[in-house]
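What follows is a set of notes on a single structure, which appears directly below.
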Protein chains: 2
Amino acid sequence: MHALEKMFRPKSVAVIGASGDPDKLGGRTLFHIKELGYKGRIYPINVSSKEVQGLPAWPSVADLPEVPDSALIVLPAPLVEQALEACAAKGILHVQVLSSGFAEEGGEGVAMQERLVGIVRRNKMRITGPNALGSISPPDGFFGTFSSLLATARPGPGKVGVATQSGAYGSHIYAVAGFRGVGISRAIATGNEADIDVAACIDYLAEDPGTSVICASLEGCKDGDRLRRALLKAAAARKPVIIMKVGSTAEGAAAAATHTGSLAGEDRIIDTVFRECGAWRASSIEEMIDIAYVCSIAPLPPSPGVGILSVSGGLGVLMADAVIGAGLTVPPMSAEVLRRIVEIQPAAGGRNPIDTTAQLNGRMHIFESISQAMMEGAELGSVVFYLAHLGRNVLRFPPLEKALAGLRENFPDRLVVAVMTHVDEIRLKLESLGIPVFEDPTRAVRAIAGAAHVRSLQLAAEAVPDIARGAPLDLVSTNEAGAKQLLAKAGVPVLPERVCTTAQNAASAAAAMGFPVVMKILSDDIPHKTEIGGVLLNVVDAAAAAAGFEELMRRARAAKPQARLDGVLIAPMVSGGVETIIGVQRDPVFGPMVMFGLGGVSVELFNDVAFATAPLTPARAEALIASVRGARLLDGWRGAPPLAKAALVSTLCMISQIAAAHRDVIESIEINPFLVMADGGYALDALIAIRG
Amino acid sequence: MHALEKMFRPKSVAVIGASGDPDKLGGRTLFHIKELGYKGRIYPINVSSKEVQGLPAWPSVADLPEVPDSALIVLPAPLVEQALEACAAKGILHVQVLSSGFAEEGGEGVAMQERLVGIVRRNKMRITGPNALGSISPPDGFFGTFSSLLATARPGPGKVGVATQSGAYGSHIYAVAGFRGVGISRAIATGNEADIDVAACIDYLAEDPGTSVICASLEGCKDGDRLRRALLKAAAARKPVIIMKVGSTAEGAAAAATHTGSLAGEDRIIDTVFRECGAWRASSIEEMIDIAYVCSIAPLPPSPGVGILSVSGGLGVLMADAVIGAGLTVPPMSAEVLRRIVEIQPAAGGRNPIDTTAQLNGRMHIFESISQAMMEGAELGSVVFYLAHLGRNVLRFPPLEKALAGLRENFPDRLVVAVMTHVDEIRLKLESLGIPVFEDPTRAVRAIAGAAHVRSLQLAAEAVPDIARGAPLDLVSTNEAGAKQLLAKAGVPVLPERVCTTAQNAASAAAAMGFPVVMKILSDDIPHKTEIGGVLLNVVDAAAAAAGFEELMRRARAAKPQARLDGVLIAPMVSGGVETIIGVQRDPVFGPMVMFGLGGVSVELFNDVAFATAPLTPARAEALIASVRGARLLDGWRGAPPLAKAALVSTLCMISQIAAAHRDVIESIEINPFLVMADGGYALDALIAIRG
């Protein structure tokens, strides 16, 4: 049994702070448990009453005739600690603390919350909250929450599990899912997450046989690896995870920081982790529910091709645009199939979308043969019918239902979607056949795309390989020479270099190397050399090398009088190739993350940079490179020969391995630039930062 | 009276092809006109019956006792020509041809449609269609259409005008607008657009006093200037235009071409024209209706700042992200106002969004004082309330209604929006107060943004200045030298250059100019010199110049033996600065369009290019430059001095003037690169193409 099963689906539950007044939170919580179909045993705890809302009540959990699976605490904050201790003493190991007034209010609340955590740790308990909304399990009739939503709308039973941090966010989802007819298996809002977080709930839902689709929303994340494991477990179980993370913009992140006290990291890191672990990030609650709706009643499209069959040319084009915009494809039908379609409907046009035109003269049965033909005309993962207002016409709809149902039956692994204005009767019938129904064509396409993308992400998701934490890092110096030495030892290609400490030394080293050379100031205290004029390019002879040495030392002393100068680094001057920037940065939540971008204006002007969790395999390194738009430059730009991407791939893998093996020590590694040439690549500059 | 008034709002109407059978198109059209509240005079035309659907019928329009304002033709295609002639003979000048079987079917249909156009031209008539859906004017009870939608849903009267080319597209909009409670003033679907197109209908709606918001959808556009004039007229009348154009992707455009026979142009040109003329392009029908809904009941936000007041921190952050993502701002409240807010609600947090928390204990009245305070805390064009499920609670809602209504009353020019799950009773009440209600927070924000953007576009919209078509273009040659000569004469800065026809000539010209120089092959037949190796950079002395001449001629002869070679162009070699690409290209629909982008990888890799209608004013040229992301390079990149943007602005204006004055002659002008330096700029290469 999963550790959280008793929390989500208790067979018996105590309500600590149960009140006879349903306007109070403790009264409302008990009311919801008592009145909405729960079959388990209910124990109201109330110090002063023997009976609450018609149920026998107990003064304390200590007095209960059994150890209930779970308890809900709905007391004023100062009373919670004692109640939690009482639960521990009784042996109640699953407790939901719905009371607020803890860390979210700062000050003494933070300390009170810390004390709750102490009780939990000492007694090996699990709690949600404080400041949680509670949990629901509609198939069990269990509504352990004071959510005011239930006064006017109750989510129905179904297969979609919901885990959110925010209670309001959660109950908005339950409400809208309910209006949309999307049934819920379990739902929980974790509040302050003193113990159980959204990741732990996803982990539960990934195992829960009653859940087939997971919706989740994060405000922050404290344990990146736990989140990764939970998402990967869901992906392995082939349960689509549709997830949101608020605070994606700087302004939103600032607001989130005020709200939750948690600093938002680089939003693209979260994006990367979701994608790597097979979860689809939704951009709105509506989109989340649209995708969950599709995934909960129909198969996920096995391939990106979308067939569009429309009674309107214009709407067909609208949907084709939306399909492309959402990252799927509209493969054209084969000529042979197009001939068959025109035989069936002479007015039909297009190659995909297929436009039947509205000139049907009641021949609704043609949709069956046309749509079946389309399946042979191209590789389609899904088919969408645009049917105007036919979904409002109960008398004329049966042949269309037959066409849709026939497609589902003959191609059970493909997604079939109907877009039309409609009445409930027709929609419910189609849904029972596994056919989602939408009113808006663009929303339908975006939901299809979400379902297709979540499937391909699931299939591609793989755990990050573990890396043995190695021996202490053998780093002589964090300056450029030291960093390059370390990287070179690991196999990263660097140019032959010499550290020189006198002008004469520099002149002879340069002459031995062959002109032209590059000269760079070397100092742990000057990580950004170009900012102080600390780099000389294209030094052409020995005299210039000697003069250059003196000049670099002078500039460094002038700009940073306190800096310890280790001399000047001399290297051969190379030209041509494409400059890239590669690095690994330790994210406080998600650990070492690899970064790749192109040099020049690509990163700064166009933000053309991508991330991946370290360590990388060669395949993942290649995918990382390909996800950057500028990577086309590496394939041979304007007739230039293709560049040695292999050098880039192996370097990315190597630095990601180093950073992962020494994640407790290394703050960042940056190689800028890594020059990719036709016959190899070189780390021209490197920097390693150690955790302070 | 507007030329189309009688089409949209006839006082009397003939239905040619009226049938007694409402299952037939002619029967259904008559039924809709007769049964849905039309107060005008109805004349069924039917060759064989004296009475149709209980109304007296006439064998021909010739027999009618008056000249009706308009006629609808619902006959088989072969009978339409004769019917239209009969209308002309009777003096009926406004006719809607609903019959299909014309140009949309190709072949003989095209010729038949051409003959209809002949009749229209000869008789100074106006027609919609053929293959039109008809028009509706719900405030008049006029439903002159056979749309099957009306069998189950009828759009209500209101202020939103709708003009679409596609009938299905149109009736989808009418249906969804109806479900959403968005009332319609007039709506029309123009079909094959043999005469009246969507632009002409927008022109009508811009004048129509019953219409305050315009929704439009195009599949193609034949007359760009007419569309511009109509959109500008609507912008000047301060009627928001929310518009769609299908075929925005290559795949969609291909499908649209199959469907309408019209080639889709560069989609960004359409985007540019919409924006320049003050129209907001919607990305889905749902978004279109959301924005129309807001604009039809509430004021357009006068500034981009959005105040967010939320009972949930997480939802507040979600909306802040959406606001930024939609191009608006969330200005933080002043410290003084934040102090007042915390006095009102001690648990409140955030600077904007303001999170009241859900701990309200029934103190709903605080929303009034908090929201009023927010108006003083920052410059806000709109305020959005997130109210969870309070919109479902009729008993608890009145203080919230008071807060919302108070804001509307005290700040009548600001947009106030409520986001919550809700019951119709509360929604309708708020709508009557001018407060839009949304269920999904992201959709609400996108609609607010659409309303704000359409307002600022309207205010910025200005007609393109007319340019006198000048004397014939004084272009000696279309090769680089000829193009530069023309541009130089117009004031575009070019480097001193010499055309040389012998090696010796080249050597002495280069010496006189001063080394290094650039040498380029000169030939009308070789527009792309670099592709054949026709450019030599950094030629350092006279001997190299002489050898370079021979080499360039040799390469040109080898690559293009048939080319007429005009010699070699010699110019001083300049370095530094930022390369830009500027040009004007004649769009077949929209005329000369200026293009601006940066050199290097910006255009090709990142598609960082923007367009504007020619001719440009300096202000519009500056806006064009600023709309390109890479333009930041011109402001002084990484400590470099700012570059002479003025040279770029004046060159853009000059070439746009030339292209506009000679729009019938010039196909394109391209200056690539135009080099911008700190102290000026130069057209380093230029090409002019003449219409073939």
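Chain lettering (A, B, ...) mirrors the order of the structure tokens, residue numbering begins at 1 for each chain separately, and ligand numbering begins at 1 in order of display.
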Q. How would you write, as a PyMOL selection string, the set of residues in segment 183-336 of chain B that DSSP gives as strand (DSSP E or B)?
A. chain B and resi 184-189+213-218+241-245+279-281+305-310+329
Which residues of chain A come within 6 Å of chain B, and what is each one's closest atom pair and distance in Å (one decimal), counting only C-alpha atoms, sorted by chain and residue number, as CSV?
```
residue,atom,partner,partner_atom,distance
A:Ala168,CA,B:Ser312,CA,5.8
A:Val246,CA,B:Leu318,CA,5.3
A:Thr249,CA,B:Asp321,CA,5.5
A:Gly252,CA,B:Asp321,CA,4.9
A:Ala255,CA,B:Val317,CA,6.0
A:Ala256,CA,B:Val317,CA,5.9
A:Thr258,CA,B:Gly350,CA,5.7
A:His259,CA,B:Gly313,CA,5.8
A:Ser284,CA,B:Thr442,CA,5.9
A:Ser312,CA,B:Ala168,CA,5.8
A:Gly313,CA,B:His259,CA,5.9
A:Val317,CA,B:Gly252,CA,5.2
A:Leu318,CA,B:Val246,CA,5.3
A:Ala320,CA,B:Gly252,CA,5.2
A:Asp321,CA,B:Gly252,CA,4.9
A:Gly350,CA,B:Thr258,CA,5.7
A:Thr442,CA,B:Ser284,CA,5.9
```
Go ahead and write the residues just picked, C-alpha atoms, as a PDB file, in the first residue's frame.
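selection.pdb written:
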```
ATOM      1  CA  ALA A 168      -8.028  28.123  -4.452  1.00  0.00           C
ATOM      2  CA  VAL A 246       3.030  29.866 -11.765  1.00  0.00           C
ATOM      3  CA  THR A 249       7.526  35.811 -15.808  1.00  0.00           C
ATOM      4  CA  GLY A 252       4.822  36.778 -11.703  1.00  0.00           C
ATOM      5  CA  ALA A 255       4.487  38.105  -6.884  1.00  0.00           C
ATOM      6  CA  ALA A 256       4.942  34.397  -6.176  1.00  0.00           C
ATOM      7  CA  THR A 258       5.755  37.541  -1.908  1.00  0.00           C
ATOM      8  CA  HIS A 259       3.009  34.962  -1.789  1.00  0.00           C
ATOM      9  CA  SER A 284      -3.923  27.973 -18.579  1.00  0.00           C
ATOM     10  CA  SER A 312     -16.368  24.214 -44.144  1.00  0.00           C
ATOM     11  CA  GLY A 313     -13.236  25.088 -46.084  1.00  0.00           C
ATOM     12  CA  VAL A 317      -7.885  26.011 -42.868  1.00  0.00           C
ATOM     13  CA  LEU A 318      -8.251  27.594 -39.432  1.00  0.00           C
ATOM     14  CA  ALA A 320      -4.750  23.375 -40.168  1.00  0.00           C
ATOM     15  CA  ASP A 321      -3.085  26.615 -39.051  1.00  0.00           C
ATOM     16  CA  GLY A 350      -8.388  19.749 -50.443  1.00  0.00           C
ATOM     17  CA  THR A 442      -8.700  26.026 -31.963  1.00  0.00           C
TER      18      THR A 442
END
```
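Atom pair atom CA of Gly692 of chain A / atom CA of Val589 of chain A: separated by 16.7 Å.
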**Q.** Proximity to Ser627 of chain A - best of A:Pro68, A:Asp541, A:Asp566, A:Thr272, only C-alpha atoms
**A.**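 Smallest separation from Ser627 of chain A among the options: A:Thr272.
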Can you check which parts of segment 173-244 of chain A lie within 7 Å of segment 458-467 of chain A? Per residue, the shortest pair of atoms and distance in Å to one decimal, counting only C-alpha atoms, sorted by chain and number, as a tab-separated table.
```
residue	atom	partner	partner_atom	distance
A:Leu232	CA	A:Ala461	CA	6.8
A:Ala235	CA	A:Gln458	CA	4.9
A:Arg238	CA	A:Gln458	CA	6.8
```
Q) For the atom pair atom CA of Arg28 of chain A and atom CA of Val117 of chain A, what is the interatomic distance in Å to one decimal place? A)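 These atoms are spaced 26.4 Å apart.
Distance-wise, atom CA of Pro516 of chain A and atom CA of Ala545 of chain A end up 9.6 Å apart.
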Q.
So that I can check the surroundings of Val416 of chain B, please list as a PyMOL selection string every protein, DNA and RNA residue that reaches within 10 Å of it, counting only C-alpha atoms and ignoring chain neighbours fewer than 2 positions away.
A. chain B and resi 294+298-301+306-307+381-385+404-405+407-408+411-414+418+434-437+448
Just write the chosen residues, N, CA and C atoms, as a short mmCIF file (atom, residue, chain, number, x, y, z; two decimals), in the first residue's frame.
```cif
data_model
loop_
_atom_site.label_atom_id
_atom_site.label_comp_id
_atom_site.auth_asym_id
_atom_site.auth_seq_id
_atom_site.Cartn_x
_atom_site.Cartn_y
_atom_site.Cartn_z
N VAL B 294 -16.06 41.83 -24.30
CA VAL B 294 -15.57 42.90 -23.43
C VAL B 294 -15.84 44.26 -24.05
N ALA B 298 -18.12 47.22 -22.19
CA ALA B 298 -17.26 47.94 -21.24
C ALA B 298 -16.31 48.85 -22.01
N PRO B 299 -15.72 49.85 -21.31
CA PRO B 299 -14.78 50.73 -22.00
C PRO B 299 -13.45 50.01 -22.29
N LEU B 300 -12.77 50.44 -23.33
CA LEU B 300 -11.45 49.88 -23.64
C LEU B 300 -10.44 50.49 -22.67
N PRO B 301 -9.55 49.65 -22.12
CA PRO B 301 -8.60 50.16 -21.12
C PRO B 301 -7.76 51.30 -21.70
N VAL B 306 -2.53 46.75 -15.45
CA VAL B 306 -3.64 45.93 -14.96
C VAL B 306 -3.49 45.75 -13.46
N GLY B 307 -4.52 46.10 -12.72
CA GLY B 307 -4.54 45.83 -11.29
C GLY B 307 -5.21 44.49 -11.05
N GLY B 381 -5.19 50.82 -16.27
CA GLY B 381 -6.21 50.91 -17.32
C GLY B 381 -7.35 49.95 -17.06
N SER B 382 -7.06 48.91 -16.27
CA SER B 382 -8.10 47.93 -15.97
C SER B 382 -7.82 47.27 -14.63
N VAL B 383 -8.88 46.73 -14.05
CA VAL B 383 -8.76 46.01 -12.77
C VAL B 383 -9.50 44.71 -12.93
N VAL B 384 -8.85 43.63 -12.52
CA VAL B 384 -9.51 42.34 -12.59
C VAL B 384 -9.58 41.74 -11.19
N PHE B 385 -10.78 41.28 -10.83
CA PHE B 385 -11.02 40.64 -9.53
C PHE B 385 -11.04 39.13 -9.74
N LEU B 404 -17.63 46.14 -7.23
CA LEU B 404 -17.40 46.19 -8.68
C LEU B 404 -18.12 47.38 -9.29
N ALA B 405 -19.38 47.56 -8.90
CA ALA B 405 -20.17 48.64 -9.48
C ALA B 405 -19.60 50.00 -9.06
N LEU B 407 -16.54 50.78 -8.49
CA LEU B 407 -15.35 51.04 -9.29
C LEU B 407 -15.74 51.55 -10.68
N ARG B 408 -16.69 50.88 -11.28
CA ARG B 408 -17.17 51.29 -12.61
C ARG B 408 -17.70 52.73 -12.57
N PHE B 411 -14.76 55.29 -11.76
CA PHE B 411 -13.71 55.33 -12.78
C PHE B 411 -14.32 54.85 -14.10
N PRO B 412 -15.21 55.66 -14.66
CA PRO B 412 -16.02 55.17 -15.78
C PRO B 412 -15.22 54.84 -17.04
N ASP B 413 -13.98 55.33 -17.12
CA ASP B 413 -13.22 55.03 -18.33
C ASP B 413 -12.34 53.79 -18.17
N ARG B 414 -12.36 53.16 -17.00
CA ARG B 414 -11.51 51.98 -16.82
C ARG B 414 -12.32 50.70 -17.01
N ALA B 418 -14.62 40.74 -13.73
CA ALA B 418 -14.72 39.76 -12.65
C ALA B 418 -14.41 38.36 -13.19
N GLY B 434 -21.92 46.88 -17.02
CA GLY B 434 -20.71 47.14 -17.81
C GLY B 434 -19.49 46.40 -17.29
N ILE B 435 -19.72 45.26 -16.61
CA ILE B 435 -18.61 44.49 -16.04
C ILE B 435 -18.58 43.10 -16.67
N PRO B 436 -17.62 42.82 -17.54
CA PRO B 436 -17.54 41.48 -18.13
C PRO B 436 -17.18 40.44 -17.05
N VAL B 437 -17.69 39.24 -17.25
CA VAL B 437 -17.47 38.15 -16.30
C VAL B 437 -16.84 36.97 -17.05
N ILE B 448 -8.83 41.12 -21.94
CA ILE B 448 -8.48 42.47 -21.50
C ILE B 448 -7.35 43.00 -22.38
#
```
Q: Please report, as number ranges by chain, each residue of segment 139-278 of chain A to which DSSP assigns helix (DSSP H, G or I) when run on this structure's backbone.
A: A: 139-140, 148-151, 167-180, 198-207, 224-236, 250-260, 267-276
Q) Using only C-alpha atoms, which of the listed residues (A:Pro76, A:Ala619, A:Gly183, A:Asp587) sits closest to Asp267 of chain A? A) A:Asp587
